[in-house]
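A.B. asks: Next comes start_11.cif, mmCIF, C-alpha atoms, pLDDT in the B column; chains and numbers go by the auth columns:
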```cif
data_my_file
loop_
_atom_site.group_PDB
_atom_site.id
_atom_site.type_symbol
_atom_site.label_atom_id
_atom_site.label_comp_id
_atom_site.label_asym_id
_atom_site.label_seq_id
_atom_site.Cartn_x
_atom_site.Cartn_y
_atom_site.Cartn_z
_atom_site.B_iso_or_equiv
_atom_site.auth_seq_id
_atom_site.auth_asym_id
ATOM 1 C CA MET A 1 95.224 115.994 106.502 35.00 156 A
ATOM 2 C CA THR A 2 96.680 113.415 108.863 45.00 157 A
ATOM 3 C CA ILE A 3 99.393 110.974 107.879 53.00 158 A
ATOM 4 C CA SER A 4 96.981 108.050 107.717 57.00 159 A
ATOM 5 C CA ASN A 5 94.780 109.906 105.208 89.00 160 A
ATOM 6 C CA TRP A 6 97.472 110.270 102.549 93.00 161 A
ATOM 7 C CA LYS A 7 98.271 106.594 102.980 94.00 162 A
ATOM 8 C CA ASP A 8 94.578 105.759 102.596 93.00 163 A
ATOM 9 C CA ASP A 9 94.490 107.913 99.447 94.00 164 A
ATOM 10 C CA LEU A 10 97.521 106.057 98.124 95.00 165 A
ATOM 11 C CA GLN A 11 95.817 102.698 98.807 96.00 166 A
ATOM 12 C CA SER A 12 92.689 103.895 96.980 95.00 167 A
ATOM 13 C CA PHE A 13 94.862 104.945 94.062 96.00 168 A
ATOM 14 C CA VAL A 14 96.485 101.483 93.935 96.00 169 A
ATOM 15 C CA ASP A 15 93.074 99.807 94.144 97.00 170 A
ATOM 16 C CA GLU A 16 91.787 101.834 91.194 96.00 171 A
ATOM 17 C CA VAL A 17 94.904 101.077 89.126 95.00 172 A
ATOM 18 C CA ILE A 18 94.507 97.345 89.865 94.00 173 A
ATOM 19 C CA SER A 19 90.826 97.483 88.946 94.00 174 A
ATOM 20 C CA LYS A 20 91.555 99.228 85.665 94.00 175 A
ATOM 21 C CA VAL A 21 94.354 96.821 84.725 90.00 176 A
ATOM 22 C CA TYR A 22 92.329 93.730 85.639 89.00 177 A
ATOM 23 C CA GLN A 23 89.376 94.838 83.552 90.00 178 A
ATOM 24 C CA LEU A 24 91.629 94.251 80.561 89.00 179 A
ATOM 25 C CA PRO A 25 91.946 90.838 78.923 87.00 180 A
ATOM 26 C CA CYS A 26 94.836 88.878 80.420 83.00 181 A
ATOM 27 C CA LYS A 27 97.130 89.305 77.409 83.00 182 A
ATOM 28 C CA GLU A 28 96.734 93.096 77.636 86.00 183 A
ATOM 29 C CA ARG A 29 97.913 93.309 81.264 84.00 184 A
ATOM 30 C CA THR A 30 101.354 94.608 80.460 83.00 185 A
ATOM 31 C CA MET A 31 103.796 97.181 81.781 85.00 186 A
ATOM 32 C CA LEU A 32 102.386 99.632 79.254 89.00 187 A
ATOM 33 C CA SER A 33 98.807 99.120 80.489 89.00 188 A
ATOM 34 C CA VAL A 34 99.980 99.582 84.093 89.00 189 A
ATOM 35 C CA LEU A 35 101.717 102.836 83.169 93.00 190 A
ATOM 36 C CA SER A 36 98.649 103.983 81.246 95.00 191 A
ATOM 37 C CA ALA A 37 96.372 103.289 84.227 95.00 192 A
ATOM 38 C CA ILE A 38 98.752 105.098 86.568 95.00 193 A
ATOM 39 C CA SER A 39 98.929 108.062 84.211 95.00 194 A
ATOM 40 C CA ASP A 40 95.135 108.212 83.908 96.00 195 A
ATOM 41 C CA LEU A 41 94.562 107.998 87.662 96.00 196 A
ATOM 42 C CA GLN A 42 97.526 109.952 89.023 94.00 197 A
ATOM 43 C CA SER A 43 95.467 113.148 89.071 92.00 198 A
ATOM 44 C CA THR A 44 93.318 111.612 91.839 91.00 199 A
ATOM 45 C CA LEU A 45 96.276 111.948 94.202 93.00 200 A
ATOM 46 C CA ASN A 46 96.646 115.368 95.757 91.00 201 A
ATOM 47 C CA ARG A 47 100.346 116.127 96.269 91.00 202 A
ATOM 48 C CA LYS A 48 99.455 118.694 98.912 92.00 203 A
ATOM 49 C CA ASP A 49 98.068 115.949 101.167 92.00 204 A
ATOM 50 C CA PHE A 50 101.440 114.187 101.378 94.00 205 A
ATOM 51 C CA PRO A 51 103.950 115.184 104.069 94.00 206 A
ATOM 52 C CA SER A 52 106.287 116.476 101.322 94.00 207 A
ATOM 53 C CA ASN A 53 106.765 116.465 97.551 94.00 208 A
ATOM 54 C CA GLY A 54 109.588 113.973 98.059 95.00 209 A
ATOM 55 C CA CYS A 55 107.251 111.605 99.892 95.00 210 A
ATOM 56 C CA TYR A 56 104.751 111.864 97.051 95.00 211 A
ATOM 57 C CA TYR A 57 107.282 111.174 94.310 94.00 212 A
ATOM 58 C CA ILE A 58 109.111 108.408 96.178 95.00 213 A
ATOM 59 C CA SER A 59 105.841 106.641 97.052 95.00 214 A
ATOM 60 C CA LEU A 60 104.642 106.869 93.464 94.00 215 A
ATOM 61 C CA ALA A 61 107.987 105.624 92.095 95.00 216 A
ATOM 62 C CA GLN A 62 107.995 102.664 94.497 96.00 217 A
ATOM 63 C CA ILE A 63 104.453 101.716 93.565 94.00 218 A
ATOM 64 C CA ILE A 64 105.150 101.967 89.839 92.00 219 A
ATOM 65 C CA ASP A 65 108.357 99.929 90.108 92.00 220 A
ATOM 66 C CA HIS A 66 106.928 97.107 92.217 92.00 221 A
ATOM 67 C CA LEU A 67 103.616 96.924 90.396 89.00 222 A
ATOM 68 C CA MET A 68 105.248 96.762 86.990 84.00 223 A
ATOM 69 C CA GLN A 69 107.600 94.009 88.142 84.00 224 A
ATOM 70 C CA THR A 70 104.712 91.985 89.551 82.00 225 A
ATOM 71 C CA ILE A 71 102.390 92.456 86.586 74.00 226 A
ATOM 72 C CA ASP A 72 105.138 91.678 84.083 61.00 227 A
ATOM 73 C CA LYS A 73 106.225 88.459 85.809 56.00 228 A
ATOM 74 C CA LYS A 74 103.023 87.080 87.241 53.00 229 A
ATOM 75 C CA GLU A 75 99.746 88.325 85.871 46.00 230 A
ATOM 76 C CA THR A 76 100.182 87.478 82.227 48.00 231 A
ATOM 77 C CA ALA A 77 100.744 83.826 83.146 52.00 232 A
ATOM 78 C CA HIS A 78 97.333 83.323 84.790 56.00 233 A
ATOM 79 C CA GLN A 79 94.281 83.290 82.577 67.00 234 A
ATOM 80 C CA ASN A 80 91.949 82.498 85.481 77.00 235 A
ATOM 81 C CA GLU A 81 92.602 85.641 87.527 86.00 236 A
ATOM 82 C CA TRP A 82 89.996 88.334 88.007 89.00 237 A
ATOM 83 C CA VAL A 83 89.346 91.253 90.340 92.00 238 A
ATOM 84 C CA CYS A 84 86.685 91.346 93.041 93.00 239 A
ATOM 85 C CA THR A 85 86.175 95.071 93.537 93.00 240 A
ATOM 86 C CA PHE A 86 83.808 94.896 96.502 93.00 241 A
ATOM 87 C CA TRP A 87 81.905 92.471 98.705 92.00 242 A
ATOM 88 C CA GLU A 88 80.192 93.085 102.052 89.00 243 A
ATOM 89 C CA MET A 89 78.107 91.151 104.536 88.00 244 A
ATOM 90 C CA TYR A 90 76.853 91.569 108.070 86.00 245 A
ATOM 91 C CA ASP A 91 78.388 88.985 110.402 82.00 246 A
ATOM 92 C CA GLU A 92 75.808 88.075 113.033 84.00 247 A
ATOM 93 C CA GLN A 93 78.423 86.453 115.289 84.00 248 A
ATOM 94 C CA ILE A 94 80.524 89.582 115.716 81.00 249 A
ATOM 95 C CA HIS A 95 77.729 92.095 114.966 84.00 250 A
ATOM 96 C CA GLN A 96 79.818 93.904 112.364 85.00 251 A
ATOM 97 C CA HIS A 97 79.921 94.470 108.638 87.00 252 A
ATOM 98 C CA VAL A 98 82.727 92.542 106.951 88.00 253 A
ATOM 99 C CA SER A 99 84.000 93.628 103.551 90.00 254 A
ATOM 100 C CA VAL A 100 86.770 93.047 101.070 94.00 255 A
ATOM 101 C CA GLU A 101 87.887 95.258 98.218 95.00 256 A
ATOM 102 C CA TYR A 102 90.073 94.890 95.161 95.00 257 A
ATOM 103 C CA LEU A 103 91.120 91.273 95.552 96.00 258 A
ATOM 104 C CA ILE A 104 92.868 89.442 92.753 94.00 259 A
ATOM 105 C CA VAL A 105 91.260 86.017 92.718 94.00 260 A
ATOM 106 C CA ARG A 106 92.633 82.928 91.060 91.00 261 A
ATOM 107 C CA HIS A 107 90.099 80.142 91.141 85.00 262 A
ATOM 108 C CA ASP A 108 90.627 77.168 88.885 82.00 263 A
ATOM 109 C CA PRO A 109 90.556 73.377 89.339 83.00 264 A
ATOM 110 C CA VAL A 110 94.160 73.372 90.593 84.00 265 A
ATOM 111 C CA GLN A 111 94.276 76.336 92.941 88.00 266 A
ATOM 112 C CA PHE A 112 92.230 78.930 94.800 93.00 267 A
ATOM 113 C CA SER A 113 94.217 81.943 95.938 95.00 268 A
ATOM 114 C CA VAL A 114 93.728 85.617 96.706 96.00 269 A
ATOM 115 C CA ARG A 115 96.178 88.483 96.297 95.00 270 A
ATOM 116 C CA LYS A 116 95.913 92.039 97.585 96.00 271 A
ATOM 117 C CA TYR A 117 98.217 94.883 96.633 96.00 272 A
ATOM 118 C CA VAL A 118 98.809 97.086 99.665 97.00 273 A
ATOM 119 C CA VAL A 119 100.763 100.191 100.641 95.00 274 A
ATOM 120 C CA TYR A 120 102.207 100.786 104.093 93.00 275 A
ATOM 121 C CA PRO A 121 100.348 97.838 105.664 93.00 276 A
ATOM 122 C CA LEU A 122 99.983 97.513 109.420 92.00 277 A
ATOM 123 C CA GLU A 123 100.014 94.083 111.054 93.00 278 A
ATOM 124 C CA GLN A 124 96.503 94.507 112.473 94.00 279 A
ATOM 125 C CA GLN A 125 95.160 95.550 109.068 92.00 280 A
ATOM 126 C CA ILE A 126 96.627 92.407 107.494 95.00 281 A
ATOM 127 C CA HIS A 127 95.145 90.226 110.253 94.00 282 A
ATOM 128 C CA THR A 128 91.684 91.779 109.754 93.00 283 A
ATOM 129 C CA PHE A 129 92.073 91.483 105.993 95.00 284 A
ATOM 130 C CA ILE A 130 92.840 87.751 106.208 95.00 285 A
ATOM 131 C CA GLN A 131 89.809 87.145 108.438 93.00 286 A
ATOM 132 C CA SER A 132 87.609 89.075 106.003 95.00 287 A
ATOM 133 C CA VAL A 133 88.914 87.138 103.001 96.00 288 A
ATOM 134 C CA VAL A 134 88.187 83.837 104.754 94.00 289 A
ATOM 135 C CA LYS A 135 84.600 84.944 105.471 93.00 290 A
ATOM 136 C CA TRP A 136 84.189 86.155 101.868 94.00 291 A
ATOM 137 C CA ALA A 137 85.569 82.916 100.431 94.00 292 A
ATOM 138 C CA ARG A 138 83.355 80.730 102.609 92.00 293 A
ATOM 139 C CA HIS A 139 80.309 82.779 101.671 90.00 294 A
ATOM 140 C CA THR A 140 81.140 82.998 97.963 91.00 295 A
ATOM 141 C CA PHE A 141 82.782 79.638 97.227 92.00 296 A
ATOM 142 C CA ASP A 142 81.984 77.577 100.324 93.00 297 A
ATOM 143 C CA LYS A 143 85.710 77.034 100.906 93.00 298 A
ATOM 144 C CA VAL A 144 88.800 78.957 101.939 94.00 299 A
ATOM 145 C CA PRO A 145 91.697 79.898 99.663 96.00 300 A
ATOM 146 C CA ASP A 146 94.755 77.671 99.545 96.00 301 A
ATOM 147 C CA TYR A 147 96.687 80.812 100.391 96.00 302 A
ATOM 148 C CA ILE A 148 96.306 84.565 100.677 97.00 303 A
ATOM 149 C CA GLU A 149 99.090 86.784 99.376 95.00 304 A
ATOM 150 C CA THR A 150 99.805 90.402 100.149 96.00 305 A
ATOM 151 C CA VAL A 151 102.174 92.448 98.005 95.00 306 A
ATOM 152 C CA ASP A 152 103.451 95.627 99.640 96.00 307 A
ATOM 153 C CA LEU A 153 104.016 97.999 96.740 96.00 308 A
ATOM 154 C CA THR A 154 106.040 100.398 98.897 94.00 309 A
ATOM 155 C CA THR A 155 108.713 97.789 99.685 94.00 310 A
ATOM 156 C CA GLY A 156 108.183 94.985 97.196 93.00 311 A
ATOM 157 C CA ASN A 157 107.735 92.508 100.058 94.00 312 A
ATOM 158 C CA LYS A 158 105.365 89.626 99.464 93.00 313 A
ATOM 159 C CA GLN A 159 103.759 87.593 102.233 94.00 314 A
ATOM 160 C CA LEU A 160 102.016 84.266 101.761 95.00 315 A
ATOM 161 C CA TYR A 161 99.513 83.116 104.349 95.00 316 A
ATOM 162 C CA TRP A 162 98.781 79.428 103.811 94.00 317 A
ATOM 163 C CA MET A 163 95.347 78.296 104.918 91.00 318 A
ATOM 164 C CA ASP A 164 94.333 74.868 106.104 74.00 319 A
ATOM 165 C CA GLY A 165 90.860 73.505 105.333 54.00 320 A
ATOM 166 C CA SER A 166 89.255 75.275 108.283 50.00 321 A
ATOM 167 C CA GLY A 167 90.538 78.709 107.307 51.00 322 A
ATOM 168 C CA GLY A 168 93.282 78.847 109.890 52.00 323 A
ATOM 169 C CA GLN A 169 96.757 80.007 109.096 52.00 324 A
ATOM 170 C CA VAL A 170 99.284 77.211 108.740 45.00 325 A
ATOM 171 C CA PRO A 171 102.711 78.030 110.207 40.00 326 A
#
```
Please express the file's structure as structure tokens.

C.D. replies:
Amino acid sequence: MTISNWKDDLQSFVDEVISKVYQLPCKERTMLSVLSAISDLQSTLNRKDFPSNGCYYISLAQIIDHLMQTIDKKETAHQNEWVCTFWEMYDEQIHQHVSVEYLIVRHDPVQFSVRKYVVYPLEQQIHTFIQSVVKWARHTFDKVPDYIETVDLTTGNKQLYWMDGSGGQVP
């Protein structure tokens, strides 16, 4: 397997954990439920596909640590958050399918935001992701999010991308 494949597998694992946790009622999204989801889904990761056992264990430890910190501090505070597991459309302008997966959406009278948990993100992937989220939001809600957040579970880094009314990124 190539290096990008184990990273893709790790992203799929994170997406499934997020989906499982966000199917729970808000008050049940705890560190224990995160650990339970990770335990249940860990068998989907094949250690042999990683460059080394150390890479496997370090990646898993980083993901667990950063996800538990984020869930414990943030998720339980927001009753209006839910997961969008998949959306796709064909964009006539660019003649391509556009899709988004495993977005955490907060849409209430005060704020509309989107969060995505990522592993080993590349700048181009984030750029494409933001464009896709804007298209999804316009199609689904007829507006763009106030901001889009990415949380890199391998480093703990969080990036906020503030949107103006037209869907452009505000510096």

A.B. asks: With 9 Å as the cut-off and only C-alpha atoms counted, what is the closest atom pair between each nearby residue of range 276-325 of chain A and range 219-222 of chain A? Distances in Å to one decimal, ordered by chain and number, as a Markdown table.

C.D. replies:
```
| residue | atom | partner | partner_atom | distance |
| --- | --- | --- | --- | --- |
| A:Val306 | CA | A:His221 | CA | 8.8 |
| A:Asp307 | CA | A:His221 | CA | 8.3 |
| A:Leu308 | CA | A:His221 | CA | 5.5 |
| A:Thr309 | CA | A:His221 | CA | 7.5 |
| A:Thr310 | CA | A:His221 | CA | 7.7 |
| A:Gly311 | CA | A:His221 | CA | 5.6 |
```

A.B. asks: Return as a PyMOL selection string the set of residues that the PyMOL selection byres ((chain A and resi 187-191) around 9) yields on the displayed structure.

C.D. replies: chain A and resi 172-173+175-176+179+183-186+192-196+219+222-223+226

A.B. asks: Between A:Val169, A:Ile249, A:Cys181, A:Val299, which one has atoms that come closest to Gln266 in chain A, using all atoms listed in the file?

C.D. replies: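 Ranking A:Val169, A:Ile249, A:Cys181, A:Val299 by distance to Gln266 in chain A, first place goes to A:Val299.
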
A.B. asks: Go through the shown structure with the PyMOL selection byres ((chain A and resi 205) around 10) and write out the matching residues as an MDAnalysis selection string.

C.D. replies: chainID A and resid 156:162 164:165 200:204 206:212 214

A.B. asks: Running the PyMOL selection byres ((chain A and resi 263) around 12) on this model by hand, what would come out? Give it as a VMD selection string.

C.D. replies: chain A and resid 233 to 237 260 to 262 264 to 269 296 300 to 301

A.B. asks: Extract, using all atoms listed in the file, all DNA, RNA and protein residues at most 7 Å from Val288 in chain A, discarding same-chain residues fewer than 4 positions from it, and format them as a compact mmCIF listing (two decimals) with C-alpha atoms, in the coordinates of the input.

C.D. replies:
```txt
# COMPACT_ATOMS: atom_id res chain seq x y z
CA VAL A 255 86.77 93.05 101.07
CA PHE A 284 92.07 91.48 105.99
CA ALA A 292 85.57 82.92 100.43
```

A.B. asks: Of the candidates A:Trp291, A:Glu278, A:Gln217, A:Ile285, which shows the shortest atom-to-atom distance to Glu243 in chain A, using all atoms listed in the file?

C.D. replies: A:Trp291

A.B. asks: Rounded to one decimal place, report the CA of Val274 in chain A-CA of Gln166 in chain A distance in Å.

C.D. replies: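 Interatomic distance, CA of Val274 in chain A to CA of Gln166 in chain A: 5.8 Å.
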
A.B. asks: For CA of Lys290 in chain A and CA of Cys239 in chain A, determine how far apart the two atoms are, in Å to one decimal place.

C.D. replies: 14.1 Å

A.B. asks: Which value, in Å to one decimal, gives the distance between CA of Glu171 in chain A and CA of Tyr257 in chain A?

C.D. replies: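 So the two atoms, CA of Glu171 in chain A and CA of Tyr257 in chain A, lie 8.2 Å apart.
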
A.B. asks: Residues around (86.3, 94.8, 100.6), cut-off 6 Å, counting only C-alpha atoms - what are they as a list in words?

C.D. replies: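 Residues close enough to count: Phe241, Trp242, Ser254, Val255 and Glu256 of chain A.
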